[in-house]
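Engineer: The structure file coords-v2.pdb (PDB, C-alpha atoms) is provided below.
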ATOM      1  CA  MET Q   1     -33.122  24.442   5.436
ATOM      2  CA  LYS Q   2     -35.670  21.744   5.462
ATOM      3  CA  ASN Q   3     -37.399  20.825   8.769
ATOM      4  CA  LEU Q   4     -36.099  23.876  10.641
ATOM      5  CA  ASN Q   5     -38.306  26.152  12.696
ATOM      6  CA  SER Q   6     -38.011  29.904  12.184
ATOM      7  CA  ASN Q   7     -35.474  30.338  15.017
ATOM      8  CA  ASN Q   8     -33.213  27.611  13.654
ATOM      9  CA  ARG Q   9     -33.623  28.964  10.131
ATOM     10  CA  LEU Q  10     -32.455  32.383  11.323
ATOM     11  CA  LYS Q  11     -29.400  30.857  13.065
ATOM     12  CA  ALA Q  12     -28.507  28.793   9.966
ATOM     13  CA  LEU Q  13     -28.958  31.823   7.716
ATOM     14  CA  SER Q  14     -26.755  34.022   9.927
ATOM     15  CA  ARG Q  15     -24.049  31.296   9.976
ATOM     16  CA  SER Q  16     -24.257  31.136   6.173
ATOM     17  CA  VAL Q  17     -23.939  34.937   5.897
ATOM     18  CA  ALA Q  18     -21.022  34.947   8.375
ATOM     19  CA  CYS Q  19     -19.350  32.207   6.359
ATOM     20  CA  SER Q  20     -19.913  34.200   3.162
ATOM     21  CA  ARG Q  21     -18.390  37.277   4.809
ATOM     22  CA  ALA Q  22     -15.363  35.169   5.795
ATOM     23  CA  VAL Q  23     -15.047  33.828   2.254
ATOM     24  CA  CYS Q  24     -15.287  37.377   0.900
ATOM     25  CA  ALA Q  25     -12.612  38.537   3.344
ATOM     26  CA  VAL Q  26     -10.319  35.688   2.266
ATOM     27  CA  LYS Q  27     -10.938  36.513  -1.395
ATOM     28  CA  ARG Q  28     -10.149  40.192  -0.757
ATOM     29  CA  ASN Q  29      -6.904  39.247   1.019
ATOM     30  CA  LEU Q  30      -5.949  36.894  -1.814
ATOM     31  CA  ALA Q  31      -6.644  39.618  -4.375
ATOM     32  CA  LEU Q  32      -4.479  42.019  -2.365
ATOM     33  CA  VAL Q  33      -1.618  39.478  -2.199
ATOM     34  CA  LYS Q  34      -1.952  38.710  -5.917
ATOM     35  CA  GLY Q  35      -1.984  42.438  -6.681
ATOM     36  CA  ARG Q  36       1.229  42.901  -4.703
ATOM     37  CA  GLN Q  37       2.810  39.924  -6.471
ATOM     38  CA  LEU Q  38       1.817  41.352  -9.852
ATOM     39  CA  ALA Q  39       3.202  44.752  -8.886
ATOM     40  CA  LEU Q  40       6.465  43.131  -7.755
ATOM     41  CA  ALA Q  41       6.645  41.114 -10.983
ATOM     42  CA  ALA Q  42       6.089  44.299 -13.014
ATOM     43  CA  ILE Q  43       8.881  46.083 -11.119
ATOM     44  CA  VAL Q  44      11.290  43.165 -11.666
ATOM     45  CA  ALA Q  45      10.401  43.055 -15.388
ATOM     46  CA  ALA Q  46      10.953  46.807 -15.741
ATOM     47  CA  ILE Q  47      14.335  46.652 -14.003
ATOM     48  CA  SER Q  48      15.339  43.652 -16.116
ATOM     49  CA  SER Q  49      14.440  45.374 -19.372
ATOM     50  CA  VAL Q  50      16.361  48.501 -18.351
ATOM     51  CA  SER Q  51      19.352  46.321 -17.420
ATOM     52  CA  VAL Q  52      19.251  44.492 -20.753
ATOM     53  CA  ALA Q  53      18.825  47.746 -22.699
ATOM     54  CA  ALA Q  54      21.891  49.130 -20.902
ATOM     55  CA  VAL Q  55      24.127  46.334 -22.276
ATOM     56  CA  LEU Q  56      22.791  46.138 -25.842
ATOM     57  CA  THR Q  57      25.156  47.345 -28.536
ATOM     58  CA  PRO Q  58      23.497  49.761 -30.973
ATOM     59  CA  GLY Q  59      25.057  50.450 -34.355
ATOM     60  CA  SER Q  60      27.317  53.398 -35.066
ATOM     61  CA  MET Q  61      27.630  55.409 -38.306
ATOM     62  CA  VAL Q  62      25.030  53.233 -40.059
ATOM     63  CA  SER Q  63      22.114  54.354 -42.224
ATOM     64  CA  GLY Q  64      19.442  52.249 -43.823
ATOM     65  CA  VAL Q  65      16.588  52.609 -46.268
ATOM     66  CA  ILE Q  66      13.812  50.026 -46.417
ATOM     67  CA  PHE Q  67      12.715  49.467 -50.008
ATOM     68  CA  ALA Q  68       9.843  47.047 -49.512
ATOM     69  CA  ARG Q  69       7.999  44.690 -47.177
ATOM     70  CA  ALA Q  70       5.673  41.958 -48.428
ATOM     71  CA  SER Q  71       4.070  38.662 -47.456
ATOM     72  CA  PHE Q  72       4.254  35.521 -49.568
ATOM     73  CA  ALA Q  73       1.030  35.032 -51.558
ATOM     74  CA  ASP Q  74       1.154  31.265 -50.908
ATOM     75  CA  PRO Q  75       2.455  29.368 -47.848
ATOM     76  CA  THR Q  76       6.205  29.191 -48.465
ATOM     77  CA  ASP Q  77       8.945  27.112 -46.833
ATOM     78  CA  ILE Q  78      12.534  28.325 -47.176
ATOM     79  CA  LYS Q  79      15.683  26.238 -46.805
ATOM     80  CA  PHE Q  80      19.274  27.450 -47.127
ATOM     81  CA  LYS Q  81      22.179  25.000 -47.080
ATOM     82  CA  ILE Q  82      25.402  26.892 -46.379
ATOM     83  CA  LYS Q  83      28.511  24.812 -47.064
ATOM     84  CA  GLY Q  84      31.303  27.404 -46.592
ATOM     85  CA  GLN Q  85      32.703  26.705 -43.123
ATOM     86  CA  GLY Q  86      31.057  23.431 -42.223
ATOM     87  CA  GLN Q  87      27.506  22.790 -43.335
ATOM     88  CA  GLU Q  88      24.770  24.892 -41.833
ATOM     89  CA  VAL Q  89      21.092  24.564 -42.654
ATOM     90  CA  ALA Q  90      18.506  27.288 -42.076
ATOM     91  CA  ASN Q  91      14.901  26.045 -42.315
ATOM     92  CA  VAL Q  92      11.846  28.266 -42.230
ATOM     93  CA  ASN Q  93       8.394  26.704 -42.459
ATOM     94  CA  ASN Q  94       5.560  28.951 -43.627
ATOM     95  CA  ALA Q  95       7.782  32.037 -43.778
ATOM     96  CA  GLY Q  96       6.496  35.378 -42.537
ATOM     97  CA  ASP Q  97       7.103  38.692 -44.285
ATOM     98  CA  THR Q  98      10.102  39.507 -46.480
ATOM     99  CA  VAL Q  99      11.882  42.882 -46.240
ATOM    100  CA  VAL Q 100      14.493  44.412 -48.579
ATOM    101  CA  GLN Q 101      16.838  47.082 -47.182
ATOM    102  CA  LYS Q 102      19.844  49.098 -48.357
ATOM    103  CA  ILE Q 103      22.437  49.725 -45.623
ATOM    104  CA  VAL Q 104      25.443  52.052 -45.724
ATOM    105  CA  ILE Q 105      28.152  51.819 -43.051
ATOM    106  CA  ALA Q 106      30.684  54.644 -42.942
ATOM    107  CA  PRO Q 107      34.390  53.852 -42.419
ATOM    108  CA  GLY Q 108      34.846  52.925 -38.745
ATOM    109  CA  GLY Q 109      31.113  52.211 -38.340
ATOM    110  CA  HIS Q 110      29.398  48.989 -37.276
ATOM    111  CA  THR Q 111      25.966  47.413 -36.906
ATOM    112  CA  GLY Q 112      26.257  46.528 -33.221
ATOM    113  CA  TRP Q 113      25.759  42.943 -32.061
ATOM    114  CA  HIS Q 114      22.418  41.618 -33.253
ATOM    115  CA  SER Q 115      20.499  38.738 -34.794
ATOM    116  CA  HIS Q 116      17.484  38.274 -37.066
ATOM    117  CA  PRO Q 117      14.322  36.178 -36.688
ATOM    118  CA  GLY Q 118      14.973  34.380 -39.989
ATOM    119  CA  PRO Q 119      17.688  34.001 -42.624
ATOM    120  CA  VAL Q 120      19.121  37.032 -44.439
ATOM    121  CA  VAL Q 121      20.693  37.163 -47.912
ATOM    122  CA  VAL Q 122      23.332  39.937 -48.019
ATOM    123  CA  LEU Q 123      24.838  41.394 -51.220
ATOM    124  CA  ILE Q 124      27.900  43.639 -50.960
ATOM    125  CA  ALA Q 125      27.559  46.471 -53.526
ATOM    126  CA  SER Q 126      30.699  48.441 -52.614
ATOM    127  CA  GLY Q 127      33.366  48.506 -49.950
ATOM    128  CA  GLN Q 128      34.315  45.615 -47.695
ATOM    129  CA  MET Q 129      32.489  44.076 -44.743
ATOM    130  CA  SER Q 130      34.230  42.563 -41.722
ATOM    131  CA  PHE Q 131      31.855  40.022 -40.200
ATOM    132  CA  TYR Q 132      32.307  38.608 -36.679
ATOM    133  CA  ASP Q 133      30.423  35.711 -35.087
ATOM    134  CA  SER Q 134      29.522  35.793 -31.379
ATOM    135  CA  GLU Q 135      30.142  32.047 -31.048
ATOM    136  CA  ASP Q 136      33.752  32.221 -32.310
ATOM    137  CA  PRO Q 137      36.007  32.347 -29.227
ATOM    138  CA  THR Q 138      38.940  33.567 -31.355
ATOM    139  CA  CYS Q 139      36.922  36.420 -32.935
ATOM    140  CA  THR Q 140      38.150  35.508 -36.426
ATOM    141  CA  VAL Q 141      37.014  37.989 -39.080
ATOM    142  CA  ARG Q 142      35.221  36.837 -42.210
ATOM    143  CA  THR Q 143      35.620  39.405 -44.982
ATOM    144  CA  TYR Q 144      33.136  40.026 -47.800
ATOM    145  CA  SER Q 145      33.970  42.367 -50.696
ATOM    146  CA  ALA Q 146      32.020  44.142 -53.443
ATOM    147  CA  GLY Q 147      30.333  41.638 -55.742
ATOM    148  CA  GLN Q 148      30.079  38.915 -53.076
ATOM    149  CA  ALA Q 149      26.958  37.630 -51.332
ATOM    150  CA  PHE Q 150      26.365  35.452 -48.293
ATOM    151  CA  VAL Q 151      23.568  34.047 -46.149
ATOM    152  CA  ASP Q 152      23.272  34.776 -42.453
ATOM    153  CA  SER Q 153      21.209  31.982 -40.907
ATOM    154  CA  GLY Q 154      19.455  34.322 -38.455
ATOM    155  CA  GLN Q 155      17.315  32.416 -35.937
ATOM    156  CA  GLY Q 156      19.422  33.563 -32.982
ATOM    157  CA  HIS Q 157      22.822  33.747 -34.749
ATOM    158  CA  VAL Q 158      24.364  36.816 -33.061
ATOM    159  CA  HIS Q 159      26.942  38.740 -35.101
ATOM    160  CA  ILE Q 160      28.344  42.184 -35.896
ATOM    161  CA  ALA Q 161      29.281  43.740 -39.249
ATOM    162  CA  ARG Q 162      32.007  46.374 -39.288
ATOM    163  CA  ASN Q 163      33.462  48.672 -41.921
ATOM    164  CA  GLU Q 164      37.178  48.539 -41.149
ATOM    165  CA  GLY Q 165      38.045  50.042 -44.569
ATOM    166  CA  THR Q 166      38.452  53.622 -45.794
ATOM    167  CA  VAL Q 167      35.406  53.847 -48.103
ATOM    168  CA  PRO Q 168      31.695  53.512 -47.324
ATOM    169  CA  LEU Q 169      30.332  49.960 -47.230
ATOM    170  CA  GLU Q 170      27.080  49.609 -49.170
ATOM    171  CA  LEU Q 171      25.062  46.425 -48.934
ATOM    172  CA  TYR Q 172      21.582  45.125 -49.699
ATOM    173  CA  ALA Q 173      19.849  42.745 -47.311
ATOM    174  CA  THR Q 174      16.786  40.592 -47.912
ATOM    175  CA  TYR Q 175      15.308  39.446 -44.599
ATOM    176  CA  PHE Q 176      13.119  36.337 -44.603
ATOM    177  CA  ASP Q 177      10.589  35.245 -41.973
ATOM    178  CA  VAL Q 178      10.045  38.734 -40.585
ATOM    179  CA  THR Q 179       7.241  38.747 -38.019
ATOM    180  CA  PRO Q 180       4.058  40.134 -39.626
ATOM    181  CA  GLY Q 181       2.524  43.153 -37.917
ATOM    182  CA  VAL Q 182       5.660  44.129 -35.973
ATOM    183  CA  PRO Q 183       6.921  47.628 -36.880
ATOM    184  CA  LEU Q 184      10.198  47.968 -38.766
ATOM    185  CA  PRO Q 185      13.095  47.730 -37.983
ATOM    186  CA  ASP Q 186      12.213  45.830 -34.781
ATOM    187  CA  ALA Q 187      10.590  43.145 -36.935
ATOM    188  CA  PHE Q 188      13.866  42.049 -38.550
ATOM    189  CA  ARG Q 189      16.588  43.120 -36.105
ATOM    190  CA  ILE Q 190      17.076  41.723 -32.601
ATOM    191  CA  ASP Q 191      19.681  43.711 -30.658
ATOM    192  CA  ALA Q 192      22.064  41.675 -28.505
ATOM    193  CA  PRO Q 193      24.629  42.370 -25.782
ATOM    194  CA  ASP Q 194      28.347  42.230 -26.528
ATOM    195  CA  PRO Q 195      29.291  38.539 -26.140
ATOM    196  CA  GLY Q 196      32.793  39.537 -24.992
ATOM    197  CA  ASN Q 197      34.723  37.357 -27.451
ATOM    198  CA  CYS Q 198      36.186  40.289 -29.422
ATOM    199  CA  SER Q 199      38.505  43.028 -28.131
ATOM    200  CA  PHE Q 200      36.741  45.927 -29.887
TER     201      PHE Q 200
END
Written as structure tokens, that's how I'd like the structure from this file.
Structural biologist:
Amino acid sequence: MKNLNSNNRLKALSRSVACSRAVCAVKRNLALVKGRQLALAAIVAAISSVSVAAVLTPGSMVSGVIFARASFADPTDIKFKIKGQGQEVANVNNAGDTVVQKIVIAPGGHTGWHSHPGPVVVLIASGQMSFYDSEDPTCTVRTYSAGQAFVDSGQGHVHIARNEGTVPLELYATYFDVTPGVPLPDAFRIDAPDPGNCSF
């Protein structure tokens, strides 16, 4: 406001204040619009999560006991090479927690469609497991019996385990790369919707 007399200074100052009021009004309107957008986004997210929860497939007649959860003492990379039906490789760099669980599935029970964040080593202690893969368009069963073990690659591999026998199915699962700090069982099980490739 250099070289202005007091009248001109007053006019310039009032223009500056008016401009500031206009800027404040614009900022308030923008905040209101952003608030409405955030509210709308929150509503859409809530509806989406309810919709997804409505189509997830929870287990039936399944019980589980978690024996232990631990972190590797040293940074650990894990690699499984599965050669059974074509070669599949599951790589985990700097694996998270490891969890050991006993699961019992009653005759006619199932786990529901799900996946795991990392690979899982499964040991069948008694009974027989019918294992179905979401990516198999023919829904071909893979059967595992007492004394057998297998590796589920996890990392988004959606599947369901069923007890189609007449005796309880007892298995032990060791989950690798479980997210640290996430409560169990959400840390090692990711529920999934029915992929629609099987008739059950």
Engineer: For the file shown, report as a count of residues only the outcome of the PyMOL selection byres ((chain Q and resi 59-70) around 12) at residue level.
Structural biologist: 58
Engineer: Give the answer as one residue: which of Q:Val122, Q:Val55, Q:Val167, Q:Val151 has the shortest atom-to-atom distance to Lys81 (chain Q), using all atoms listed in the file?
Structural biologist: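 Closest to Lys81 (chain Q) of all the choices is Q:Val151.
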Engineer: Just want the 10 Å neighbourhood of Lys79 (chain Q), counted on all atoms listed in the file, with same-chain residues fewer than 3 positions away dropped. Output as a compact mmCIF listing (two decimals) with C-alpha atoms, in the frame of the given file.
Structural biologist:
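Dumped to around-v8.txt:
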# COMPACT_ATOMS: atom_id res chain seq x y z
CA ILE Q 82 25.40 26.89 -46.38
CA VAL Q 89 21.09 24.56 -42.65
CA ALA Q 90 18.51 27.29 -42.08
CA ASN Q 91 14.90 26.04 -42.32
CA VAL Q 92 11.85 28.27 -42.23
CA ASN Q 93 8.39 26.70 -42.46
CA PRO Q 119 17.69 34.00 -42.62
CA SER Q 153 21.21 31.98 -40.91
Engineer: Using CA of Gln155 (chain Q) and CA of Ala125 (chain Q) as the two end points, give the distance in Å to one decimal.
Structural biologist: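 A separation of 24.7 Å between them.
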Engineer: I'd like to know which of Q:Met129, Q:Cys198, Q:Val120, Q:Val158 is closest to Tyr144 (chain Q), using all atoms listed in the file.
Structural biologist: Q:Met129
Engineer: What is the CA of Ser126 (chain Q)-CA of Ala146 (chain Q) distance in Å, reported with one decimal?
Structural biologist: 4.6 Å
